[in-house]
Amino acid sequence: MTVDVLVEIKAKNIDKTFTYHVPKQLETKIKIGIRVLVPFSNRKLEGFIMKINNNQKYDYELKDIIDVIDDKQVLNDELLQLGKYMSKKTLSTLISCYQTMLPTALKAKQGKKINKKYVSYLILNNDTIVKGKQLEIVNLIKNKGKILKKEANLISSSSTKTLLDKQIIKEIKEEVYRTDYEDIKKETNVVLTSDQKKVISQIKLDKYEPYLLHGVTGSGKTEVYINIIKKVLEQKKEAIVLVPEISLTPQLIEIFKKRFGKIVAILHSALSDGEKYDEWRKIVNKEVAIVIGARSAIFAPFENLGVIIIDEEHSDNYKQDNNPRYNTIDMALYRAKKNNCPLILGSATPSIVSYTRAKNNIYKLLELKKRINNNPPLITIVDMQKSMKEGSRYFSQILIDKIKDRLLKHEQVIILLNRRGYTTISSCSNCGYTDKCPNCDIPLVYHKDTNKMRCHYCGYTKNKLTNCPKCREKINDFGYGTQRLEEELYNITKARIVRMDVDSTSKKGAHAKIIKDFENGNYDILLGTQIVSKGLDFPKVTLVGVINGDASLNSPDYRSAEHTFELLNQVSGRSGRSNLLGEVIIQTFNPNHYSIVCASNNDYESFYKEELKIRKLLKYPPYYNLLTLRISGKDSDLIDKEGKKIVSYLNTKLKSKAIILGPSMESLPKLNNVYRMQIILKYKKTNDIIEDVSFIVYKYRSNRNVNVEICFH
Ligand code: ADP
Ligand code: ZN
């Protein structure tokens with residue numbers, strides 16, 4: 001027997017399949033999709049078995065595989081195929097795709113090995129008469145059948161040892177999961193609304209079909225998901241539920257645990273590698289039928305999928321931002337098709353591209369137009385230019401009045417400021433010197449809690465300057481972030497405020513604790529960055545205040561208006577979700593911008609129409625496809641030179657088929673001491689350009705000084 005093994009040749013950044021001979025004693029263990037250890041030059045490499053060959057003749061001598069690593073398939077047939085699809089779609093090596101699909105603990109070439117976890121139990125071996133502590137232990141075992149070894153040791157570890165030595169009791173080991181949690185399943189009786197029922201009846205199981213569920217915030221999408229999954233379980237099939245960032249959705253996880261109990265696995269970014277491995281094994285061992293997780297959970301090794309659900313489908317988190325840069329929706333479409341099952345993309349603010357697909361009948365459009373409580377929030381735009389002239393600084397008078405009103409009524413408030421830190425720029429008013437990150441060349445942000453200046457990209461920190469290093473004049477601070485706003489808000493209201501941003505949620509479980517505390521009424525105001533806008537459901541929140549509604553408009557991204565509408569709509573959706581009427585105040589310097597006006601009218605359709613006009617004019621998706629070639633390296637002259645070379649090559653090849661822009665510096669031209677340039681291609685058909693673009697990507701794979709990455713938008 002011989003096998004074809006896929007290995008990674010790191011130095012050249014390529015992967016390749018080699019044929020090895022299988023020694024007789026390993027033959028029974030050989031399966032496609034398991035990992036094996038093979039000799040390669042003078043090293044040992046881990047690789048995946050791609051093919052098994054019997055009775056094949058070779059006219060050269062083959063090396064033997066050294067060992068078999070897995071007893072069960074780590075990549076099932078469907079996932080092996082999916083990896084090939086991903087590799088083609090993202091122009092990445094096949095092995096990097098397989099690595100991405102596996103939990104860290106199983107990645108070939110992992111340095112430290114993660115093992116299954118076992119717990120020791122004691123059972124009775126023979127019934128001999130014993131006395132004292134030994135009798136106590138034996139009786140306990142008789143009562144319970146088996147006990148934890150730990151329990152026996154608590155009574156007396158020396159007696160336990162004696163009993164074991166005399167073989168009166170026996171130790172057995174059982175495999176356990178590090179992530180065993182309490183079963184909190186409870187029956188609930190939710191009466192579905194007629195809108196929910198209608199949507200559910202439109203979703204056909206046992207048939208491949210992608211759906212776009214466009215449901216306004218608070219329209220009860222979760223209940224639709226749950227009901228579809230119930231039907232899928234009745235058919236003995238499995239479900240994958242994806243959320244943008246699992247640590248941000250403790251409320252959703254809680255709901256699923258309550259409804260489905262122990263058959264839910266949760267692939268949480270905050271889990272340790274061992275815990276992730278165990279959740280993954282629950283799937284392989286068929287002990288769970290539902291997986292909730294962030295994008296990588298799309299690779300859950302289920303074999304009989306009945307539905308895939310992608311909640312908040314517009315989120316950028318569904319696109320991996322390092323190689324392989326796959327789009328989760330592409331992967332989901334592939335798996336749904338293979339499994340002949342529906343894919344449900346849910347959002348209150350679908351991406352422009354997804355909504356266009358729905359309009360073109362590529363996705364079937366389902367709608368929930370009304371909130372469960374039938375009460376959309378009342379949204380007011382405040383022109384901050386005017387308001388500042390009247391003397392306000394952070395908060396407009398109307399927002400302050402409304403906050404105070406809610407405090408009196410014992411209702412709750414959410415405040416959004418999409419900027420963390422205390423002050424955001426430290427510079428010298430005399431000579432203009434600005435304190436910047438030496439690695440990234442962007443202004444450092446002052447954090448008052450740690451009394452340090454910090455780079456928000458690479459994490460570099462240093463002490464605060466008091467005087468300008470150039471002219472010795474005093475350094476001044478400008479701008480403000482959530483930390484400063486929290487202080488100001490406290491001075492005005494004396495309310496109980498809790499801040500939620502990257503800095504206050506870095507510890508494991510901190511985020512869930514803030515949410516629980518706020519839910520329990522331990523705070524009046526939740527203040528934070530965009531984290532506060534996502535998926536939260538607090539019945540007592542009746543006011544949402546947005547401090548800088550236009551912040552995301554200034555980002556150099558063709559989707560900046562889309563992101564602004566999304567953020568404002570999502571955060572507005574946190575207000576008035578139960579029986580109390582909700583209000584929203586959006587402070588902005590661009591009160592007439594269509595993304596803000598449409599968000600204030602809760603009017604997705606008008607926003608979509610306006611946005612399409614601009615996309616058409618500027619030749620952006622959905623009218624054109626867009627890809628970026630990112631050229632980076634430590635030597636800025638070299639990447640400039642190579643960038644120009646690539647553009648001139650592309651111009652000779654693709655002039656008539658694509659619009660080629662660049663090379664230009666990226667919006668953050670230097671990150672972590674790496675210089676970054678970009679080339680942008682706008683094109684109609686992927687087939688027209690893929691060959692020439694692939695040529696570039698492959699050509700630079702083994703170049704150590706210039707890194708070329710491709711990103712399809
Ligand atoms: P969405 O995800 O669409 O923003 P949710 O699924 O969070 O909305 O639902 C909004 C609120 O309405 C939640 O508090 C949920 O428990 C409640 N809800 C959903 N469906 C029903 C129903 N049929 N009857 C009563 N309450 C419901
Ligand atoms: Zn930095």
# chains A, B, ... in the order shown; residues from 1 in each chain; ligands from 1
call {"tool": "residues_near_ligand", "arguments": {"ligand": "ligand 1", "cutoff": "9 Å", "atoms": "only C-alpha atoms and all ligand atoms", "output": "ChimeraX atom specification"}}
result
/A:189-194,196-197,214-225,252,255,311-312,346-348,368,371-373,535-539,570,573-574,577-578
call {"tool": "select_by_dssp", "arguments": {"residues": "stretch 441-650 of chain A", "states": "alpha helix (DSSP H)", "output": "mmCIF file with C-alpha atoms, in the first residue's frame"}}
result
data_model
loop_
_atom_site.group_PDB
_atom_site.id
_atom_site.type_symbol
_atom_site.label_atom_id
_atom_site.label_comp_id
_atom_site.auth_asym_id
_atom_site.auth_seq_id
_atom_site.Cartn_x
_atom_site.Cartn_y
_atom_site.Cartn_z
ATOM 1 C CA THR A 482 -14.691 56.396 26.045
ATOM 2 C CA GLN A 483 -12.594 56.809 29.210
ATOM 3 C CA ARG A 484 -12.858 60.592 29.095
ATOM 4 C CA LEU A 485 -16.525 60.481 28.157
ATOM 5 C CA GLU A 486 -17.244 58.253 31.130
ATOM 6 C CA GLU A 487 -15.771 60.898 33.465
ATOM 7 C CA GLU A 488 -17.709 63.716 31.819
ATOM 8 C CA LEU A 489 -20.937 61.765 31.912
ATOM 9 C CA TYR A 490 -20.450 60.993 35.584
ATOM 10 C CA ASN A 491 -19.820 64.664 36.383
ATOM 11 C CA ILE A 492 -23.092 65.601 34.694
ATOM 12 C CA THR A 493 -25.332 62.791 35.921
ATOM 13 C CA ALA A 510 -15.371 40.398 31.663
ATOM 14 C CA HIS A 511 -17.673 41.128 28.782
ATOM 15 C CA ALA A 512 -20.350 38.660 29.870
ATOM 16 C CA LYS A 513 -20.131 40.037 33.419
ATOM 17 C CA ILE A 514 -20.750 43.623 32.303
ATOM 18 C CA ILE A 515 -23.783 42.461 30.343
ATOM 19 C CA LYS A 516 -25.155 40.454 33.275
ATOM 20 C CA ASP A 517 -24.610 43.340 35.704
ATOM 21 C CA PHE A 518 -26.303 45.808 33.410
ATOM 22 C CA GLU A 519 -29.146 43.366 32.780
ATOM 23 C CA SER A 560 -17.953 53.697 4.884
ATOM 24 C CA ALA A 561 -21.550 54.845 4.302
ATOM 25 C CA GLU A 562 -22.762 51.253 4.546
ATOM 26 C CA HIS A 563 -20.888 50.836 7.816
ATOM 27 C CA THR A 564 -22.320 54.077 9.180
ATOM 28 C CA PHE A 565 -25.888 53.107 8.355
ATOM 29 C CA GLU A 566 -25.287 49.652 9.809
ATOM 30 C CA LEU A 567 -23.835 50.918 13.076
ATOM 31 C CA LEU A 568 -26.548 53.547 13.613
ATOM 32 C CA ASN A 569 -29.335 51.149 12.737
ATOM 33 C CA GLN A 570 -27.956 48.380 14.939
ATOM 34 C CA VAL A 571 -27.362 50.612 17.952
ATOM 35 C CA SER A 572 -30.777 52.255 17.544
ATOM 36 C CA TYR A 594 -28.043 60.040 3.448
ATOM 37 C CA SER A 595 -26.651 57.226 5.605
ATOM 38 C CA ILE A 596 -27.560 59.186 8.757
ATOM 39 C CA VAL A 597 -30.914 60.456 7.510
ATOM 40 C CA CYS A 598 -31.958 56.976 6.348
ATOM 41 C CA ALA A 599 -30.798 55.418 9.615
ATOM 42 C CA SER A 600 -32.870 57.960 11.520
ATOM 43 C CA TYR A 604 -33.032 50.433 4.750
ATOM 44 C CA GLU A 605 -34.627 50.476 1.321
ATOM 45 C CA SER A 606 -33.945 54.191 0.698
ATOM 46 C CA PHE A 607 -30.415 53.839 1.962
ATOM 47 C CA TYR A 608 -29.871 50.918 -0.387
ATOM 48 C CA LYS A 609 -31.135 52.920 -3.367
ATOM 49 C CA GLU A 610 -28.931 55.944 -2.602
ATOM 50 C CA GLU A 611 -25.908 53.781 -2.009
ATOM 51 C CA LEU A 612 -26.399 51.911 -5.282
ATOM 52 C CA LYS A 613 -26.291 55.170 -7.232
ATOM 53 C CA ILE A 614 -22.899 55.970 -5.769
ATOM 54 C CA ARG A 615 -21.566 52.463 -6.236
ATOM 55 C CA LYS A 616 -22.553 52.614 -9.886
ATOM 56 C CA LEU A 617 -20.937 55.997 -10.407
ATOM 57 C CA SER A 636 9.824 50.780 1.452
ATOM 58 C CA ASP A 637 11.841 51.440 -1.735
ATOM 59 C CA LEU A 638 11.722 47.793 -2.699
ATOM 60 C CA ILE A 639 7.969 47.435 -2.285
ATOM 61 C CA ASP A 640 7.481 50.640 -4.252
ATOM 62 C CA LYS A 641 9.604 49.235 -7.074
ATOM 63 C CA GLU A 642 7.897 45.822 -7.075
ATOM 64 C CA GLY A 643 4.474 47.476 -6.869
ATOM 65 C CA LYS A 644 5.193 49.442 -10.048
ATOM 66 C CA LYS A 645 6.478 46.305 -11.745
ATOM 67 C CA ILE A 646 3.278 44.427 -10.904
ATOM 68 C CA VAL A 647 1.066 47.254 -12.152
ATOM 69 C CA SER A 648 2.903 47.442 -15.459
ATOM 70 C CA TYR A 649 2.588 43.668 -15.866
ATOM 71 C CA LEU A 650 -1.144 43.803 -15.113
#
call {"tool": "residues_around", "arguments": {"residues": "A:Lys286", "least_positions_apart": "6", "cutoff": "10 Å", "atoms": "only C-alpha atoms", "output": "count of residues only"}}
result
6
call {"tool": "closest_atom_pairs", "arguments": {"of": "stretch 163-238 of chain A", "to": "stretch 321-345 of chain A", "cutoff": "8 Å", "atoms": "only C-alpha atoms", "output": "CSV"}}
result
residue,atom,partner,partner_atom,distance
A:Ile203,CA,A:Pro342,CA,7.5
A:Lys204,CA,A:Pro342,CA,7.0
A:Leu205,CA,A:Cys341,CA,6.1
A:Asp206,CA,A:Cys341,CA,5.2
A:Lys207,CA,A:Cys341,CA,4.9
A:Tyr208,CA,A:Cys341,CA,4.4
A:Glu209,CA,A:Pro342,CA,4.8
A:Pro210,CA,A:Leu343,CA,4.6
A:Tyr211,CA,A:Ile344,CA,4.8
A:Leu212,CA,A:Leu345,CA,4.8
A:Leu213,CA,A:Leu345,CA,5.8
call {"tool": "residues_near_ligand", "arguments": {"ligand": "ligand 2", "cutoff": "8 Å", "atoms": "only C-alpha atoms and all ligand atoms", "output": "PDB file with all heavy atoms, in the first residue's frame"}}
result
ATOM      1  N   CYS A 437       3.419  56.368  17.185  1.00  0.00           N
ATOM      2  CA  CYS A 437       3.999  55.033  17.372  1.00  0.00           C
ATOM      3  C   CYS A 437       5.217  54.876  16.464  1.00  0.00           C
ATOM      4  O   CYS A 437       5.127  55.121  15.268  1.00  0.00           O
ATOM      5  CB  CYS A 437       2.971  53.954  17.048  1.00  0.00           C
ATOM      6  SG  CYS A 437       3.673  52.294  17.090  1.00  0.00           S
ATOM      7  N   PRO A 438       6.355  54.446  17.027  1.00  0.00           N
ATOM      8  CA  PRO A 438       7.543  54.273  16.189  1.00  0.00           C
ATOM      9  C   PRO A 438       7.387  53.118  15.189  1.00  0.00           C
ATOM     10  O   PRO A 438       8.057  53.096  14.166  1.00  0.00           O
ATOM     11  CB  PRO A 438       8.648  53.954  17.198  1.00  0.00           C
ATOM     12  CG  PRO A 438       7.939  53.450  18.417  1.00  0.00           C
ATOM     13  CD  PRO A 438       6.601  54.127  18.439  1.00  0.00           C
ATOM     14  N   ASN A 439       6.501  52.180  15.468  1.00  0.00           N
ATOM     15  CA  ASN A 439       6.319  51.045  14.555  1.00  0.00           C
ATOM     16  C   ASN A 439       5.295  51.322  13.470  1.00  0.00           C
ATOM     17  O   ASN A 439       5.349  50.741  12.397  1.00  0.00           O
ATOM     18  CB  ASN A 439       5.862  49.793  15.314  1.00  0.00           C
ATOM     19  CG  ASN A 439       6.765  49.465  16.475  1.00  0.00           C
ATOM     20  OD1 ASN A 439       7.979  49.635  16.377  1.00  0.00           O
ATOM     21  ND2 ASN A 439       6.179  49.025  17.578  1.00  0.00           N
ATOM     22  N   CYS A 440       4.296  52.146  13.804  1.00  0.00           N
ATOM     23  CA  CYS A 440       3.156  52.283  12.888  1.00  0.00           C
ATOM     24  C   CYS A 440       2.949  53.705  12.381  1.00  0.00           C
ATOM     25  O   CYS A 440       2.116  53.930  11.504  1.00  0.00           O
ATOM     26  CB  CYS A 440       1.877  51.799  13.563  1.00  0.00           C
ATOM     27  SG  CYS A 440       2.023  50.143  14.240  1.00  0.00           S
ATOM     28  N   ASP A 441       3.672  54.659  12.949  1.00  0.00           N
ATOM     29  CA  ASP A 441       3.576  56.037  12.488  1.00  0.00           C
ATOM     30  C   ASP A 441       2.167  56.627  12.593  1.00  0.00           C
ATOM     31  O   ASP A 441       1.763  57.431  11.765  1.00  0.00           O
ATOM     32  CB  ASP A 441       4.080  56.132  11.036  1.00  0.00           C
ATOM     33  CG  ASP A 441       4.656  57.510  10.753  1.00  0.00           C
ATOM     34  OD1 ASP A 441       5.227  58.097  11.687  1.00  0.00           O
ATOM     35  OD2 ASP A 441       4.499  57.997   9.615  1.00  0.00           O
ATOM     36  N   ILE A 442       1.401  56.211  13.581  1.00  0.00           N
ATOM     37  CA  ILE A 442       0.091  56.821  13.815  1.00  0.00           C
ATOM     38  C   ILE A 442       0.072  57.372  15.245  1.00  0.00           C
ATOM     39  O   ILE A 442       0.841  56.916  16.089  1.00  0.00           O
ATOM     40  CB  ILE A 442      -1.062  55.803  13.628  1.00  0.00           C
ATOM     41  CG1 ILE A 442      -0.830  54.571  14.503  1.00  0.00           C
ATOM     42  CG2 ILE A 442      -1.207  55.404  12.177  1.00  0.00           C
ATOM     43  CD1 ILE A 442      -2.023  53.659  14.564  1.00  0.00           C
ATOM     44  N   LEU A 444      -0.333  58.100  19.044  1.00  0.00           N
ATOM     45  CA  LEU A 444      -0.581  57.265  20.213  1.00  0.00           C
ATOM     46  C   LEU A 444      -1.760  57.837  20.987  1.00  0.00           C
ATOM     47  O   LEU A 444      -2.004  59.040  20.973  1.00  0.00           O
ATOM     48  CB  LEU A 444       0.659  57.236  21.101  1.00  0.00           C
ATOM     49  CG  LEU A 444       1.879  56.545  20.480  1.00  0.00           C
ATOM     50  CD1 LEU A 444       3.134  56.860  21.292  1.00  0.00           C
ATOM     51  CD2 LEU A 444       1.666  55.042  20.382  1.00  0.00           C
ATOM     52  N   ARG A 454      -0.633  54.595  24.172  1.00  0.00           N
ATOM     53  CA  ARG A 454      -0.736  53.251  23.589  1.00  0.00           C
ATOM     54  C   ARG A 454      -1.049  53.322  22.095  1.00  0.00           C
ATOM     55  O   ARG A 454      -1.831  54.169  21.655  1.00  0.00           O
ATOM     56  CB  ARG A 454      -1.847  52.493  24.323  1.00  0.00           C
ATOM     57  CG  ARG A 454      -2.231  51.165  23.694  1.00  0.00           C
ATOM     58  CD  ARG A 454      -3.301  50.494  24.515  1.00  0.00           C
ATOM     59  NE  ARG A 454      -2.755  49.855  25.690  1.00  0.00           N
ATOM     60  CZ  ARG A 454      -2.245  48.619  25.695  1.00  0.00           C
ATOM     61  NH1 ARG A 454      -2.214  47.911  24.598  1.00  0.00           N
ATOM     62  NH2 ARG A 454      -1.776  48.102  26.793  1.00  0.00           N
ATOM     63  N   CYS A 455      -0.416  52.413  21.327  1.00  0.00           N
ATOM     64  CA  CYS A 455      -0.730  52.302  19.902  1.00  0.00           C
ATOM     65  C   CYS A 455      -1.880  51.326  19.736  1.00  0.00           C
ATOM     66  O   CYS A 455      -1.803  50.191  20.196  1.00  0.00           O
ATOM     67  CB  CYS A 455       0.480  51.819  19.109  1.00  0.00           C
ATOM     68  SG  CYS A 455       0.077  51.430  17.391  1.00  0.00           S
ATOM     69  N   HIS A 456      -2.947  51.755  19.056  1.00  0.00           N
ATOM     70  CA  HIS A 456      -4.125  50.897  18.915  1.00  0.00           C
ATOM     71  C   HIS A 456      -3.949  49.827  17.835  1.00  0.00           C
ATOM     72  O   HIS A 456      -4.822  49.005  17.632  1.00  0.00           O
ATOM     73  CB  HIS A 456      -5.370  51.743  18.640  1.00  0.00           C
ATOM     74  CG  HIS A 456      -5.919  52.350  19.892  1.00  0.00           C
ATOM     75  ND1 HIS A 456      -7.103  53.011  19.946  1.00  0.00           N
ATOM     76  CD2 HIS A 456      -5.435  52.367  21.159  1.00  0.00           C
ATOM     77  CE1 HIS A 456      -7.338  53.435  21.183  1.00  0.00           C
ATOM     78  NE2 HIS A 456      -6.331  53.051  21.933  1.00  0.00           N
ATOM     79  N   TYR A 457      -2.815  49.859  17.134  1.00  0.00           N
ATOM     80  CA  TYR A 457      -2.587  48.803  16.140  1.00  0.00           C
ATOM     81  C   TYR A 457      -1.646  47.732  16.643  1.00  0.00           C
ATOM     82  O   TYR A 457      -1.941  46.550  16.594  1.00  0.00           O
ATOM     83  CB  TYR A 457      -2.119  49.390  14.813  1.00  0.00           C
ATOM     84  CG  TYR A 457      -3.292  49.979  14.101  1.00  0.00           C
ATOM     85  CD1 TYR A 457      -3.650  51.306  14.302  1.00  0.00           C
ATOM     86  CD2 TYR A 457      -4.114  49.176  13.319  1.00  0.00           C
ATOM     87  CE1 TYR A 457      -4.780  51.830  13.713  1.00  0.00           C
ATOM     88  CE2 TYR A 457      -5.255  49.691  12.732  1.00  0.00           C
ATOM     89  CZ  TYR A 457      -5.574  51.018  12.927  1.00  0.00           C
ATOM     90  OH  TYR A 457      -6.695  51.520  12.357  1.00  0.00           O
ATOM     91  N   CYS A 458      -0.474  48.143  17.166  1.00  0.00           N
ATOM     92  CA  CYS A 458       0.494  47.104  17.522  1.00  0.00           C
ATOM     93  C   CYS A 458       0.592  46.922  19.037  1.00  0.00           C
ATOM     94  O   CYS A 458       1.258  46.003  19.506  1.00  0.00           O
ATOM     95  CB  CYS A 458       1.854  47.421  16.932  1.00  0.00           C
ATOM     96  SG  CYS A 458       2.682  48.792  17.751  1.00  0.00           S
ATOM     97  N   GLY A 459      -0.044  47.782  19.808  1.00  0.00           N
ATOM     98  CA  GLY A 459      -0.035  47.601  21.256  1.00  0.00           C
ATOM     99  C   GLY A 459       1.154  48.243  21.953  1.00  0.00           C
ATOM    100  O   GLY A 459       1.287  48.172  23.175  1.00  0.00           O
ATOM    101  N   TYR A 460       2.043  48.899  21.191  1.00  0.00           N
ATOM    102  CA  TYR A 460       3.203  49.587  21.768  1.00  0.00           C
ATOM    103  C   TYR A 460       2.750  50.580  22.850  1.00  0.00           C
ATOM    104  O   TYR A 460       1.757  51.284  22.677  1.00  0.00           O
ATOM    105  CB  TYR A 460       3.930  50.320  20.639  1.00  0.00           C
ATOM    106  CG  TYR A 460       5.018  51.276  21.075  1.00  0.00           C
ATOM    107  CD1 TYR A 460       6.316  50.828  21.254  1.00  0.00           C
ATOM    108  CD2 TYR A 460       4.732  52.619  21.309  1.00  0.00           C
ATOM    109  CE1 TYR A 460       7.315  51.699  21.658  1.00  0.00           C
ATOM    110  CE2 TYR A 460       5.727  53.502  21.707  1.00  0.00           C
ATOM    111  CZ  TYR A 460       7.021  53.032  21.885  1.00  0.00           C
ATOM    112  OH  TYR A 460       7.997  53.891  22.283  1.00  0.00           O
ATOM    113  N   LEU A 671       2.653  49.507   9.398  1.00  0.00           N
ATOM    114  CA  LEU A 671       2.133  48.857  10.597  1.00  0.00           C
ATOM    115  C   LEU A 671       3.197  47.904  11.098  1.00  0.00           C
ATOM    116  O   LEU A 671       3.713  47.098  10.334  1.00  0.00           O
ATOM    117  CB  LEU A 671       0.855  48.061  10.298  1.00  0.00           C
ATOM    118  CG  LEU A 671      -0.473  48.808  10.172  1.00  0.00           C
ATOM    119  CD1 LEU A 671      -1.614  47.818  10.032  1.00  0.00           C
ATOM    120  CD2 LEU A 671      -0.718  49.721  11.365  1.00  0.00           C
ATOM    121  N   ASN A 672       3.517  47.985  12.373  1.00  0.00           N
ATOM    122  CA  ASN A 672       4.506  47.054  12.927  1.00  0.00           C
ATOM    123  C   ASN A 672       5.809  47.041  12.151  1.00  0.00           C
ATOM    124  O   ASN A 672       6.395  45.980  11.925  1.00  0.00           O
ATOM    125  CB  ASN A 672       3.931  45.635  12.922  1.00  0.00           C
ATOM    126  CG  ASN A 672       3.428  45.267  14.285  1.00  0.00           C
ATOM    127  OD1 ASN A 672       4.028  45.648  15.290  1.00  0.00           O
ATOM    128  ND2 ASN A 672       2.344  44.533  14.324  1.00  0.00           N
TER     129      ASN A 672
END
call {"tool": "closest_residue", "arguments": {"among": "A:Ala658, A:Val291, A:Ile414, A:Ile497", "to": "A:Asp688", "atoms": "only C-alpha atoms"}}
result
A:Ala658
call {"tool": "select_by_dssp", "arguments": {"residues": "stretch 364-435 of chain A", "states": "strand (DSSP E)", "output": "list in words"}}
result
Lys364, Leu365, Leu366, Glu367, Leu368, Leu378, Ile379, Thr380, Ile381, Val382, Asp383, Gln412, Val413, Ile414, Ile415, Leu416, Ile425, Ser426, Ser427 and Cys428 of chain A
call {"tool": "write_last_selection", "arguments": {"atoms": "N, CA and C atoms", "output": "PDB file, in the first residue's frame"}}
result
ATOM      1  N   LYS A 364     -33.291  33.891  -1.763  1.00  0.00           N
ATOM      2  CA  LYS A 364     -34.717  34.139  -1.615  1.00  0.00           C
ATOM      3  C   LYS A 364     -34.921  35.116  -0.450  1.00  0.00           C
ATOM      4  N   LEU A 365     -35.622  36.206  -0.722  1.00  0.00           N
ATOM      5  CA  LEU A 365     -35.791  37.239   0.294  1.00  0.00           C
ATOM      6  C   LEU A 365     -36.963  36.929   1.225  1.00  0.00           C
ATOM      7  N   LEU A 366     -36.681  36.941   2.529  1.00  0.00           N
ATOM      8  CA  LEU A 366     -37.725  36.787   3.545  1.00  0.00           C
ATOM      9  C   LEU A 366     -37.690  38.052   4.394  1.00  0.00           C
ATOM     10  N   GLU A 367     -38.859  38.520   4.819  1.00  0.00           N
ATOM     11  CA  GLU A 367     -38.848  39.789   5.547  1.00  0.00           C
ATOM     12  C   GLU A 367     -39.636  39.750   6.844  1.00  0.00           C
ATOM     13  N   LEU A 368     -39.063  40.394   7.862  1.00  0.00           N
ATOM     14  CA  LEU A 368     -39.802  40.689   9.093  1.00  0.00           C
ATOM     15  C   LEU A 368     -39.748  42.204   9.225  1.00  0.00           C
ATOM     16  N   LEU A 378     -37.980  56.023  18.359  1.00  0.00           N
ATOM     17  CA  LEU A 378     -38.110  57.385  17.833  1.00  0.00           C
ATOM     18  C   LEU A 378     -36.706  57.972  17.724  1.00  0.00           C
ATOM     19  N   ILE A 379     -36.272  58.327  16.514  1.00  0.00           N
ATOM     20  CA  ILE A 379     -34.873  58.725  16.341  1.00  0.00           C
ATOM     21  C   ILE A 379     -34.762  60.210  15.998  1.00  0.00           C
ATOM     22  N   THR A 380     -33.896  60.941  16.712  1.00  0.00           N
ATOM     23  CA  THR A 380     -33.704  62.367  16.476  1.00  0.00           C
ATOM     24  C   THR A 380     -32.242  62.635  16.124  1.00  0.00           C
ATOM     25  N   ILE A 381     -32.033  63.432  15.081  1.00  0.00           N
ATOM     26  CA  ILE A 381     -30.661  63.815  14.721  1.00  0.00           C
ATOM     27  C   ILE A 381     -30.354  65.167  15.353  1.00  0.00           C
ATOM     28  N   VAL A 382     -29.178  65.286  15.964  1.00  0.00           N
ATOM     29  CA  VAL A 382     -28.769  66.561  16.540  1.00  0.00           C
ATOM     30  C   VAL A 382     -27.557  67.077  15.766  1.00  0.00           C
ATOM     31  N   ASP A 383     -27.671  68.285  15.235  1.00  0.00           N
ATOM     32  CA  ASP A 383     -26.571  68.911  14.510  1.00  0.00           C
ATOM     33  C   ASP A 383     -25.561  69.440  15.523  1.00  0.00           C
ATOM     34  N   GLN A 412     -33.033  52.461  31.574  1.00  0.00           N
ATOM     35  CA  GLN A 412     -31.595  52.405  31.295  1.00  0.00           C
ATOM     36  C   GLN A 412     -31.220  53.077  29.973  1.00  0.00           C
ATOM     37  N   VAL A 413     -29.912  53.417  29.873  1.00  0.00           N
ATOM     38  CA  VAL A 413     -29.419  54.189  28.737  1.00  0.00           C
ATOM     39  C   VAL A 413     -28.167  53.502  28.163  1.00  0.00           C
ATOM     40  N   ILE A 414     -28.053  53.504  26.835  1.00  0.00           N
ATOM     41  CA  ILE A 414     -26.803  53.064  26.194  1.00  0.00           C
ATOM     42  C   ILE A 414     -26.203  54.256  25.452  1.00  0.00           C
ATOM     43  N   ILE A 415     -24.893  54.489  25.658  1.00  0.00           N
ATOM     44  CA  ILE A 415     -24.191  55.574  24.973  1.00  0.00           C
ATOM     45  C   ILE A 415     -23.079  54.981  24.124  1.00  0.00           C
ATOM     46  N   LEU A 416     -23.054  55.368  22.848  1.00  0.00           N
ATOM     47  CA  LEU A 416     -22.036  54.856  21.926  1.00  0.00           C
ATOM     48  C   LEU A 416     -21.043  55.955  21.546  1.00  0.00           C
ATOM     49  N   ILE A 425      -5.126  62.404  20.776  1.00  0.00           N
ATOM     50  CA  ILE A 425      -3.880  62.915  20.172  1.00  0.00           C
ATOM     51  C   ILE A 425      -3.139  63.776  21.185  1.00  0.00           C
ATOM     52  N   SER A 426      -1.825  63.559  21.299  1.00  0.00           N
ATOM     53  CA  SER A 426      -1.000  64.438  22.122  1.00  0.00           C
ATOM     54  C   SER A 426      -0.021  65.138  21.203  1.00  0.00           C
ATOM     55  N   SER A 427      -0.125  66.467  21.164  1.00  0.00           N
ATOM     56  CA  SER A 427       0.824  67.151  20.289  1.00  0.00           C
ATOM     57  C   SER A 427       1.193  68.519  20.837  1.00  0.00           C
ATOM     58  N   CYS A 428       2.215  69.102  20.229  1.00  0.00           N
ATOM     59  CA  CYS A 428       2.761  70.375  20.679  1.00  0.00           C
ATOM     60  C   CYS A 428       2.108  71.505  19.879  1.00  0.00           C
TER      61      CYS A 428
END
call {"tool": "residues_around", "arguments": {"residues": "A:Glu136", "least_positions_apart": "5", "cutoff": "10 Å", "atoms": "only C-alpha atoms", "output": "count of residues only"}}
result
8
call {"tool": "residues_around", "arguments": {"residues": "A:Val264", "least_positions_apart": "5", "cutoff": "10 Å", "atoms": "only C-alpha atoms", "output": "list in words"}}
result
Ala239, Ile240, Ile253, Phe256, Lys257, Lys258, Arg259, Glu279, Lys282, Ile283, Glu287, Val288, Ala289, Ile290, Val291 and Ile292 of chain A
